[in-house]
Each structure stands twice: as structure tokens, then as C-alpha cells.
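Structure data (CSV, C-alpha atoms and all ligand atoms) from input_2.csv:
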chain,number,residue,atom,x,y,z
A,1143,MET,CA,96.4,157.5,111.3
A,1144,GLU,CA,93.6,155.1,111.4
A,1145,GLN,CA,94.5,151.4,110.9
A,1146,LYS,CA,93.1,149.7,107.8
A,1147,ILE,CA,91.0,146.6,108.4
A,1148,ASP,CA,91.4,144.3,105.5
A,1149,LEU,CA,88.6,141.8,105.1
A,1150,ARG,CA,89.1,141.2,101.3
A,1151,SER,CA,90.7,137.7,101.8
A,1152,ASP,CA,92.7,135.5,104.2
A,1153,THR,CA,95.5,135.7,101.7
A,1154,VAL,CA,96.5,139.2,102.9
A,1155,THR,CA,98.2,138.1,106.2
A,1156,LYS,CA,101.9,139.0,106.9
A,1157,PRO,CA,104.3,136.5,108.5
A,1158,THR,CA,104.4,136.8,112.3
A,1159,PRO,CA,107.8,137.4,114.1
A,1160,GLY,CA,108.0,133.7,115.1
A,1161,MET,CA,107.4,132.7,111.5
A,1162,LEU,CA,110.0,135.1,110.2
A,1163,ASP,CA,112.5,133.6,112.7
A,1164,ALA,CA,111.7,130.1,111.5
A,1165,MET,CA,112.2,131.2,107.9
A,1166,TRP,CA,115.5,133.0,108.7
A,1167,SER,CA,117.0,130.0,110.3
A,1168,ALA,CA,115.8,127.3,107.9
A,1169,LYS,CA,118.2,124.8,106.6
A,1170,VAL,CA,118.0,124.8,102.8
A,1171,GLY,CA,119.4,123.1,99.8
A,1172,ASP,CA,118.5,122.8,96.1
A,1173,ASP,CA,115.1,121.3,96.0
A,1174,VAL,CA,115.3,120.4,92.3
A,1175,TYR,CA,118.0,118.0,93.4
A,1176,GLY,CA,115.7,116.9,96.3
A,1177,GLU,CA,118.3,118.4,98.7
A,1178,ASP,CA,116.2,120.9,100.6
A,1179,GLU,CA,115.7,119.3,104.0
A,1180,THR,CA,113.1,121.9,105.1
A,1181,VAL,CA,111.0,121.3,102.0
A,1182,ASN,CA,111.3,117.5,102.5
A,1183,ALA,CA,110.3,117.9,106.2
A,1184,LEU,CA,107.2,119.9,105.2
A,1185,GLU,CA,106.2,117.3,102.6
A,1186,HIS,CA,106.7,114.5,105.0
A,1187,LYS,CA,104.8,116.2,107.8
A,1188,LEU,CA,101.7,116.9,105.7
A,1189,ALA,CA,101.7,113.5,104.0
A,1190,ALA,CA,101.9,111.8,107.5
A,1191,LEU,CA,99.2,114.1,109.0
A,1192,PHE,CA,96.7,113.1,106.2
A,1193,HIS,CA,97.8,109.5,106.0
A,1194,MET,CA,98.8,110.0,102.3
A,1195,GLU,CA,102.0,108.4,100.8
A,1196,ALA,CA,103.7,111.5,99.4
A,1197,ALA,CA,103.5,115.3,99.0
A,1198,LEU,CA,104.8,118.1,96.8
A,1199,PHE,CA,105.4,121.7,97.8
A,1200,CYS,CA,104.0,124.0,95.1
A,1201,PRO,CA,104.1,127.8,94.7
A,1202,SER,CA,100.3,128.3,94.7
A,1203,GLY,CA,97.0,126.5,95.2
A,1204,THR,CA,96.2,127.1,91.6
A,1205,MET,CA,99.3,125.2,90.5
A,1206,SER,CA,98.7,122.3,92.9
A,1207,ASN,CA,95.1,121.9,91.7
A,1208,GLN,CA,96.1,122.1,88.1
A,1209,ILE,CA,98.9,119.6,88.5
A,1210,ALA,CA,96.4,117.2,90.2
A,1211,ILE,CA,93.9,117.5,87.5
A,1212,LYS,CA,96.6,116.8,84.9
A,1213,CYS,CA,97.7,113.7,86.8
A,1214,PHE,CA,94.1,112.4,87.0
A,1215,THR,CA,92.9,113.0,83.4
A,1216,GLN,CA,93.9,112.4,79.8
A,1217,PRO,CA,93.1,114.8,77.0
A,1218,MET,CA,89.5,114.5,75.9
A,1219,ASP,CA,88.4,113.4,79.4
A,1220,GLU,CA,85.8,115.2,81.4
A,1221,VAL,CA,86.0,116.6,85.0
A,1222,ILE,CA,82.9,117.0,87.2
A,1223,CYS,CA,82.8,119.8,89.7
A,1224,ASP,CA,80.4,122.3,91.2
A,1225,GLN,CA,79.6,125.4,89.0
A,1226,THR,CA,81.2,127.6,91.7
A,1227,ALA,CA,84.4,125.6,91.9
A,1228,HIS,CA,87.7,127.5,92.1
A,1229,VAL,CA,89.3,125.0,89.7
A,1230,TYR,CA,86.7,126.0,87.1
A,1231,ARG,CA,86.0,129.7,87.8
A,1232,TYR,CA,89.2,131.2,89.1
A,1233,GLU,CA,92.1,129.2,87.6
A,1234,GLY,CA,92.1,131.0,84.2
A,1235,GLY,CA,90.7,128.2,82.1
A,1236,GLY,CA,93.5,126.0,83.2
A,1237,ILE,CA,91.6,122.7,82.9
A,1238,ALA,CA,91.2,123.3,79.2
A,1239,TYR,CA,94.7,124.7,78.7
A,1240,ASN,CA,96.8,122.4,80.9
A,1241,SER,CA,94.8,119.1,80.7
A,1242,MET,CA,92.7,119.5,77.5
A,1243,ALA,CA,89.7,118.2,79.4
A,1244,SER,CA,86.1,119.4,79.3
A,1245,VAL,CA,84.2,120.2,82.5
A,1246,ARG,CA,80.7,119.2,83.6
A,1247,LEU,CA,79.3,121.7,86.1
A,1248,LEU,CA,76.8,120.7,88.8
A,1249,ASN,CA,74.6,122.9,90.9
A,1250,GLY,CA,75.3,121.8,94.5
A,1251,ASP,CA,73.7,123.4,97.6
A,1252,ARG,CA,76.3,126.1,98.5
A,1253,GLY,CA,78.7,124.1,96.4
A,1254,ILE,CA,78.3,120.8,98.2
A,1255,LEU,CA,78.0,117.8,95.8
A,1256,THR,CA,76.3,114.5,96.5
A,1257,PRO,CA,76.3,111.1,94.8
A,1258,GLU,CA,72.7,111.8,93.7
A,1259,LEU,CA,73.9,114.9,91.8
A,1260,ILE,CA,77.0,113.3,90.4
A,1261,GLU,CA,75.8,109.9,89.3
A,1262,PRO,CA,73.5,110.9,86.4
A,1263,GLU,CA,76.3,113.1,85.0
A,1264,ILE,CA,78.8,110.4,84.7
A,1265,ASN,CA,79.1,109.5,81.0
A,1266,GLU,CA,78.6,105.9,79.9
A,1267,ASP,CA,81.3,104.4,77.8
A,1268,ASN,CA,80.3,105.6,74.3
A,1269,ILE,CA,82.6,107.2,71.7
A,1270,HIS,CA,80.3,110.2,71.4
A,1271,TYR,CA,80.9,111.2,75.0
A,1272,PRO,CA,84.0,112.5,76.8
A,1273,ARG,CA,85.2,110.0,79.3
A,1274,THR,CA,84.4,111.0,82.8
A,1275,SER,CA,87.5,110.5,84.8
A,1276,LEU,CA,87.7,112.9,87.8
A,1277,ILE,CA,85.5,114.5,90.4
A,1278,VAL,CA,86.7,117.6,92.2
A,1279,LEU,CA,85.3,118.7,95.6
A,1280,GLU,CA,86.2,121.9,97.5
A,1281,ASN,CA,86.3,122.1,101.3
A,1282,THR,CA,85.6,124.6,102.6
A,1283,VAL,CA,83.5,125.9,99.7
A,1284,ASN,CA,84.7,129.4,98.9
A,1285,LYS,CA,81.6,130.6,97.0
A,1286,GLY,CA,79.4,128.6,99.4
A,1287,GLY,CA,80.4,131.1,102.2
A,1288,GLY,CA,83.0,128.8,103.8
A,1289,LYS,CA,80.6,125.8,104.0
A,1290,CYS,CA,82.1,122.4,105.1
A,1291,TYR,CA,81.6,118.9,104.0
A,1292,THR,CA,81.0,116.2,106.6
A,1293,LEU,CA,83.2,113.1,106.4
A,1294,SER,CA,80.1,111.0,105.8
A,1295,GLN,CA,79.2,113.1,102.7
A,1296,ILE,CA,82.7,112.6,101.5
A,1297,GLU,CA,82.6,108.9,102.1
A,1298,ALA,CA,79.4,108.6,100.0
A,1299,ILE,CA,81.1,110.3,97.1
A,1300,HIS,CA,84.2,108.3,97.5
A,1301,ASN,CA,82.2,105.1,97.4
A,1302,LEU,CA,80.5,106.2,94.1
A,1303,CYS,CA,84.0,107.0,92.6
A,1304,ALA,CA,85.2,103.6,93.7
A,1305,ILE,CA,82.3,101.8,91.9
A,1306,LYS,CA,82.6,103.9,88.8
A,1307,GLY,CA,86.4,103.9,88.6
A,1308,LEU,CA,86.8,107.7,89.0
A,1309,LYS,CA,89.5,109.7,90.7
A,1310,LEU,CA,88.6,112.0,93.5
A,1311,HIS,CA,90.5,115.3,94.1
A,1312,LEU,CA,90.0,117.7,97.0
A,1313,ASP,CA,90.7,121.4,96.5
A,1314,GLY,CA,91.4,121.9,100.2
A,1315,ALA,CA,92.7,125.5,100.0
A,1316,ARG,CA,90.9,126.0,103.4
A,1317,LEU,CA,90.8,122.4,104.6
A,1318,PHE,CA,92.3,123.3,108.0
A,1319,ASN,CA,89.4,125.7,108.5
A,1320,ALA,CA,87.0,122.8,107.9
A,1321,LEU,CA,89.0,120.5,110.2
A,1322,VAL,CA,88.9,123.1,113.1
A,1323,ALA,CA,85.2,123.8,112.5
A,1324,THR,CA,84.0,120.2,112.3
A,1325,GLY,CA,86.5,118.6,114.7
A,1326,GLU,CA,87.2,115.9,112.1
A,1327,LYS,CA,90.7,114.4,111.9
A,1328,ALA,CA,93.2,115.1,109.1
A,1329,SER,CA,94.2,111.4,109.2
A,1330,ALA,CA,90.7,110.4,108.1
A,1331,TYR,CA,90.9,112.3,104.8
A,1332,GLY,CA,93.7,110.5,103.1
A,1333,HIS,CA,91.7,107.4,102.7
A,1334,TYR,CA,88.9,109.1,100.7
A,1335,PHE,CA,90.9,111.1,98.1
A,1336,ASP,CA,93.4,110.4,95.4
A,1337,GLY,CA,94.7,113.9,95.7
A,1338,ILE,CA,94.4,116.8,98.2
A,1339,SER,CA,95.7,120.3,97.8
A,1340,ILE,CA,96.2,122.5,100.8
A,1341,CYS,CA,97.0,126.2,100.9
A,1342,LEU,CA,99.6,127.5,103.4
A,1343,SER,CA,99.0,131.1,102.4
A,1344,LYS,CA,95.4,131.5,103.4
A,1345,GLY,CA,94.2,131.1,107.0
A,1346,LEU,CA,97.4,129.4,108.0
A,1347,GLY,CA,99.2,132.7,107.5
A,1348,ALA,CA,102.3,131.6,105.5
A,1349,PRO,CA,103.4,134.1,102.8
A,1350,VAL,CA,103.6,131.6,99.9
A,1351,GLY,CA,102.8,128.0,99.1
A,1352,SER,CA,100.5,125.1,98.8
A,1353,VAL,CA,101.1,121.3,99.2
A,1354,LEU,CA,99.7,118.6,97.0
A,1355,LEU,CA,99.2,115.2,98.6
A,1356,GLY,CA,98.7,111.8,96.8
A,1357,SER,CA,100.2,108.4,96.2
A,1358,LYS,CA,103.9,108.0,95.6
A,1359,ASN,CA,103.3,107.3,91.9
A,1360,MET,CA,101.0,110.3,91.5
A,1361,ILE,CA,103.4,112.6,93.3
A,1362,ASN,CA,106.3,111.4,91.0
A,1363,GLN,CA,104.2,112.4,88.0
A,1364,ALA,CA,103.2,115.6,89.8
A,1365,ARG,CA,106.8,116.5,90.3
A,1366,ARG,CA,107.4,116.2,86.5
A,1367,ILE,CA,104.4,118.4,85.8
A,1368,ARG,CA,105.5,121.0,88.3
A,1369,LYS,CA,108.8,121.2,86.6
A,1370,VAL,CA,107.3,121.6,83.1
A,1371,LEU,CA,105.1,124.4,84.5
A,1372,GLY,CA,108.2,126.2,85.8
A,1373,GLY,CA,107.4,125.5,89.4
A,1374,GLY,CA,110.7,123.6,90.3
A,1375,MET,CA,112.1,125.9,93.0
A,1376,ARG,CA,115.6,125.9,94.5
A,1377,GLN,CA,116.2,127.0,98.1
A,1378,ALA,CA,112.5,126.9,98.7
A,1379,GLY,CA,113.1,125.7,102.3
A,1380,PHE,CA,112.8,129.4,103.4
A,1381,LEU,CA,109.2,129.3,102.3
A,1382,ALA,CA,108.6,125.7,103.5
A,1383,ALA,CA,109.8,126.8,107.0
A,1384,ALA,CA,106.9,129.2,107.1
A,1385,GLY,CA,104.5,126.4,106.3
A,1386,ILE,CA,106.0,124.1,109.0
A,1387,TYR,CA,105.7,127.0,111.5
A,1388,ALA,CA,102.1,127.6,110.5
A,1389,LEU,CA,101.2,123.9,111.0
A,1390,ASP,CA,102.8,123.9,114.4
A,1391,HIS,CA,101.5,127.2,115.7
A,1392,GLN,CA,98.7,128.7,113.7
A,1393,VAL,CA,96.1,125.9,113.2
A,1394,ASP,CA,94.2,126.0,116.5
A,1395,ARG,CA,93.8,129.7,116.3
A,1396,LEU,CA,91.6,129.4,113.2
A,1397,ALA,CA,88.7,129.0,115.7
A,1398,GLN,CA,89.2,132.7,116.6
A,1399,ASP,CA,88.7,133.6,112.9
A,1400,HIS,CA,85.5,131.5,112.9
A,1401,ALA,CA,84.2,133.2,116.1
A,1402,HIS,CA,85.0,136.6,114.5
A,1403,ALA,CA,83.1,135.7,111.4
A,1404,LYS,CA,80.1,134.6,113.4
A,1405,ALA,CA,80.1,137.9,115.4
A,1406,LEU,CA,80.1,139.8,112.1
A,1407,ALA,CA,77.3,137.7,110.8
A,1408,TYR,CA,75.2,138.2,113.9
A,1409,ALA,CA,75.7,142.0,113.8
A,1410,LEU,CA,74.9,142.1,110.1
A,1411,ALA,CA,71.7,140.3,110.6
A,1412,GLN,CA,70.4,143.3,112.7
A,1413,THR,CA,71.6,145.9,110.3
A,1414,SER,CA,69.1,147.9,108.3
A,1415,PHE,CA,70.7,147.7,104.9
A,1416,VAL,CA,71.3,143.9,105.0
A,1417,GLU,CA,68.7,141.6,103.5
A,1418,SER,CA,70.2,138.2,104.4
A,1419,VAL,CA,73.3,136.7,105.8
A,1420,MET,CA,74.5,133.2,104.7
A,1421,PRO,CA,74.9,130.9,107.8
A,1422,VAL,CA,78.6,131.1,108.9
A,1423,GLU,CA,80.6,127.9,109.5
A,1424,THR,CA,84.2,129.1,109.1
A,1425,ASN,CA,85.9,132.4,108.3
A,1426,ILE,CA,83.8,133.6,105.3
A,1427,VAL,CA,80.7,135.8,105.6
A,1428,LEU,CA,78.6,136.4,102.6
A,1429,PHE,CA,75.6,138.8,102.8
A,1430,ASP,CA,73.1,140.3,100.5
A,1431,VAL,CA,72.2,144.0,100.7
A,1432,ALA,CA,68.6,145.2,100.6
A,1433,LYS,CA,67.1,145.3,97.1
A,1434,HIS,CA,67.4,149.0,96.3
A,1435,ILE,CA,71.1,149.3,97.3
A,1436,PRO,CA,74.0,148.3,95.0
A,1437,ALA,CA,76.5,146.3,97.0
A,1438,ILE,CA,79.4,148.3,95.6
A,1439,ASP,CA,78.0,151.5,97.3
A,1440,VAL,CA,78.3,149.7,100.7
A,1441,VAL,CA,81.8,148.6,99.9
A,1442,ARG,CA,82.8,152.2,99.0
A,1443,GLN,CA,81.2,153.5,102.3
A,1444,LEU,CA,83.1,150.9,104.3
A,1445,ALA,CA,86.4,151.9,102.4
A,1446,LYS,CA,85.9,155.5,103.5
A,1447,ASN,CA,85.9,154.1,107.1
A,1448,GLY,CA,89.1,152.2,106.5
A,1449,ILE,CA,87.4,148.8,106.1
A,1450,MET,CA,88.3,146.9,102.9
A,1451,CYS,CA,86.1,144.2,101.4
A,1452,ASN,CA,84.8,142.9,98.0
A,1453,THR,CA,81.5,142.3,96.3
A,1454,THR,CA,81.0,138.8,94.8
A,1455,SER,CA,77.9,139.9,92.8
A,1456,ALA,CA,75.8,143.1,92.4
A,1457,LYS,CA,74.0,142.3,95.6
A,1458,THR,CA,76.5,140.3,97.6
A,1459,ILE,CA,79.4,141.3,99.8
A,1460,ARG,CA,82.1,139.0,101.2
A,1461,LEU,CA,84.0,139.5,104.4
A,1462,VAL,CA,86.9,137.1,105.3
A,1463,THR,CA,88.4,136.9,108.7
A,1464,HIS,CA,92.1,136.0,109.3
A,1465,MET,CA,94.9,136.2,111.8
A,1466,ASP,CA,95.7,139.9,111.1
A,1467,VAL,CA,92.1,140.9,112.1
A,1468,SER,CA,91.8,141.4,115.9
A,1469,GLN,CA,88.8,141.4,118.2
A,1470,SER,CA,89.0,145.2,118.5
A,1471,MET,CA,88.9,145.4,114.7
A,1472,ILE,CA,85.8,143.3,114.6
A,1473,ASP,CA,84.2,145.5,117.2
A,1474,GLN,CA,85.1,148.5,115.0
A,1475,VAL,CA,83.6,147.0,111.9
A,1476,ILE,CA,80.4,146.2,113.7
A,1477,GLU,CA,80.3,149.8,115.1
A,1478,VAL,CA,80.9,151.3,111.6
A,1479,MET,CA,78.2,149.0,110.0
A,1480,SER,CA,75.6,150.1,112.5
A,1481,LYS,CA,76.2,153.7,111.7
A,1482,LEU,CA,76.6,153.5,108.0
A,1483,ASP,CA,74.7,156.2,106.1
A,1484,ILE,CA,73.1,154.1,103.3
B,1501,LIG,C1,92.6,130.6,97.1
B,1501,LIG,C2,92.1,129.3,96.6
B,1501,LIG,C3,92.8,128.4,95.8
B,1501,LIG,C4,94.3,128.7,95.4
B,1501,LIG,O1,94.6,130.0,95.1
B,1501,LIG,P1,96.1,130.5,94.9
B,1501,LIG,O2,95.9,132.0,95.0
B,1501,LIG,O3,96.5,130.0,93.5
B,1501,LIG,O4,96.9,130.0,95.9
B,1501,LIG,C5,92.2,127.3,95.4
B,1501,LIG,N1,91.0,127.0,95.7
B,1501,LIG,C6,90.2,127.8,96.5
B,1501,LIG,C7,88.8,127.3,96.9
B,1501,LIG,C8,90.7,129.0,96.9
B,1501,LIG,O5,90.0,129.8,97.7
Would you put the structure from the file into C-alpha cells?
Amino acid sequence: MEQKIDLRSDTVTKPTPGMLDAMWSAKVGDDVYGEDETVNALEHKLAALFHMEAALFCPSGTMSNQIAIKCFTQPMDEVICDQTAHVYRYEGGGIAYNSMASVRLLNGDRGILTPELIEPEINEDNIHYPRTSLIVLENTVNKGGGKCYTLSQIEAIHNLCAIKGLKLHLDGARLFNALVATGEKASAYGHYFDGISICLSKGLGAPVGSVLLGSKNMINQARRIRKVLGGGMRQAGFLAAAGIYALDHQVDRLAQDHAHAKALAYALAQTSFVESVMPVETNIVLFDVAKHIPAIDVVRQLAKNGIMCNTTSAKTIRLVTHMDVSQSMIDQVIEVMSKLDI
């Protein structure tokens, strides 16, 4: 039986034996009472790593982003983000529902915002306008094909926020991919953001979880909001143990995923039915198929060969590499692509 190769997302990974051992032997308690030492250890570990005061373990990246947005806005405020942002497109309308805020969408280059794009969109103080209170960045940019911010780009946006009195939140679902790709330090990040959310269940390979980082005050408020959303978990240390294991053992290996994605992109660029491939920086490959071919036809042909992936538009296909995709699987995908009957 041929093995399936799942390139739909980096969320599909299964825990490694070492991770399962760590989960099995975790010391747990009731986290709603603050008594789960493994959850506490995960929160302290990430807060320290990013030089932030405090952290909160959440069930999903969507919940940690939505909690942050609620902490940083009041009803009737406005949030500024890129038009492709996960917080706007893929969180079910949560900004309106949870925070009663409006959203101003910008058109960044592959989702990367700049002070020049943001500044004209900040509303002046006038009762006709919603009050701009929060900027949300994404790093890496999912819809931007895994593109990374540089720290100097982030610093420039941070400086604008400081002048204008705005909060700055980072949707860092794949922040560790960005850190590994750019070589920048986690400790540099805390200084620039009021909130950072980080997914443990993407490239890091944990089965569940996201961590929200912020100031002590902000995280106290975030803990209340997590509770009201139904996200107060009990012996969550079994899950937090997977996160600690991932941080200790599965960060450096992200470089392999990036090399695999680059190998796929290189091969795709020589493939007849491919029109263009977005430059690869991390673990996401976005490519457009030639004009006359619907992307869904290519996805179906790949599926017949045991390769699973998704379209992101009528012309665009996304491949995501992760720890359950080996070098030999990448070789097989490249081989199948070169022989595809399209
Ligand atoms: C996956 C992802 C999230 C969070 O998703 P969950 O499935 O809720 O954990 C947030 N932002 C980005 C950019 C993502 O890719």
C-alpha cells in the first residue's frame, strides 16, 4: 500500500514517540486553579524566550488571536491588518463577533505591511470615525507564501504605533519558521509587540495548542476572556508537555522543512504545467498553474498518486512541508510532478 504524502498543511503532523513519552509522564494539576505545573512551565518558558512578562496557554491559534484582539480594543474601535490576514479571513468573523470592532484592510506586498501603508489609514480623532486602536501583523505570512518580516521592518511599524498610541499584535502562528529562516532572535521580539500568539500545533509538531504572550496585566485580562470563551482547561499539562518537548527538540529541524519547500519550488519552476512559483522563504510553496489548466485538475491528479494538497484560488496551489514529510517523499512528489499527464 502506497504511503500518502500530505502537503495540505503543517497542522497534520502526529506526535513523535519522544513527544508522546513526554506527554505520558507530564505532571499535571487543575489549570483553572493555576495548579498545573507543566502548563505553568510552558507559559514561563515562552514568556522568558521572547522577553515578555507573561503567557497563556490556549486551545488554538484562533482563540489566542481573538483573545488578544479583545484585550487591545473596545467596541466601536477599528483594527488594521492586511487583506489576507488570518485574523480577518479565517477566524469566522470573530473580530466583529467577539470584539465588536471594525477592520480596515490594507494591501501589503505578500501581506507585509509598512508604516507608509498604515499611517494614512489611521483615523484622526473625530466622532464620525471608528477609533483606530490596534495593528495586527502576521509572521510568517500564510497567504504570502510563508514570507517573513525582518526585524527592522517590525521596528519601523512599532515606532509608528508608539507615536500614534496604537497597540501592536503579532499573529505568530509560524513565528518559529521565521526565526529559523532569518536567524533573528526570539528575545528581540518581545520589545516590539504588545501581544504575540504562537502555534504549537503547526511546524513545531504538537497535537494541540497555542500560547499568547503579553504584559502581566494583559495576560490577566486574557485569562478572564479565555474563561468566558470556554477555554479554561483542567489537566492541560498533558498537552503543554507536548509544547515543551517541541520547543526543546523540534525547532532547529524546521530548517529541513524549508529546504524541502525550496526543493519543491525549484522542481516546479521546471515543470511544464506551472506558470510561476512564489519565492520560498520557509515551509509554504504557492504556485500558479498555466492559464488553460484549472488548479483543481492538478490537485486531483496528484491525489490519484497519493499526494494531498489544496488550491488557494482557481489558479493557485499550496504545498506545505512539515516534520511528517521526509526527503524521500519530496523526491517522490518531484518525480510525480514531472510525469503528470496534464
Ligand atoms: C493556523 C493559523 C492560525 C491559527 O489557527 P488554529 O487552527 O486556530 O490554531 C492563525 N494564524 C495563521 C496565520 C495561521 O496559519
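Using only C-alpha atoms and all ligand atoms for every distance, the candidate list A:Ala1304, A:Ala1330, A:Ala1348, A:Val1245 yields A:Ala1348 as the residue closest to ligand LIG 1501 (chain B).
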(request) Show which residues sit within 7 Å of Leu1346 in chain A, as an MDAnalysis selection string. Count only C-alpha atoms, and ignore same-chain residues fewer than 4 positions away. (result) chainID A and resid 1342 1388 1392:1393
(request) Go through the chains and note each residue within 10 Å of ligand LIG 1501 (chain B), using only C-alpha atoms and all ligand atoms, then give the set as a ChimeraX atom specification. (result) /A:1151-1153,1200-1208,1226-1233,1279-1286,1288,1312-1317,1339-1344,1350-1352
(request) Rank A:Val1475, A:Ala1432, A:Ala1405, A:Leu1354 by their smallest atom-to-atom distance to Gly1448 in chain A, using all atoms listed in the file, and report the top residue only. (result)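 Among the listed residues, A:Val1475 lies closest to Gly1448 in chain A.
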(message) So the first atom is CA of Ile1269 in chain A and the second is CA of Lys1212 in chain A; what is the distance between them in Å, to one decimal place?
(response) 21.5 Å
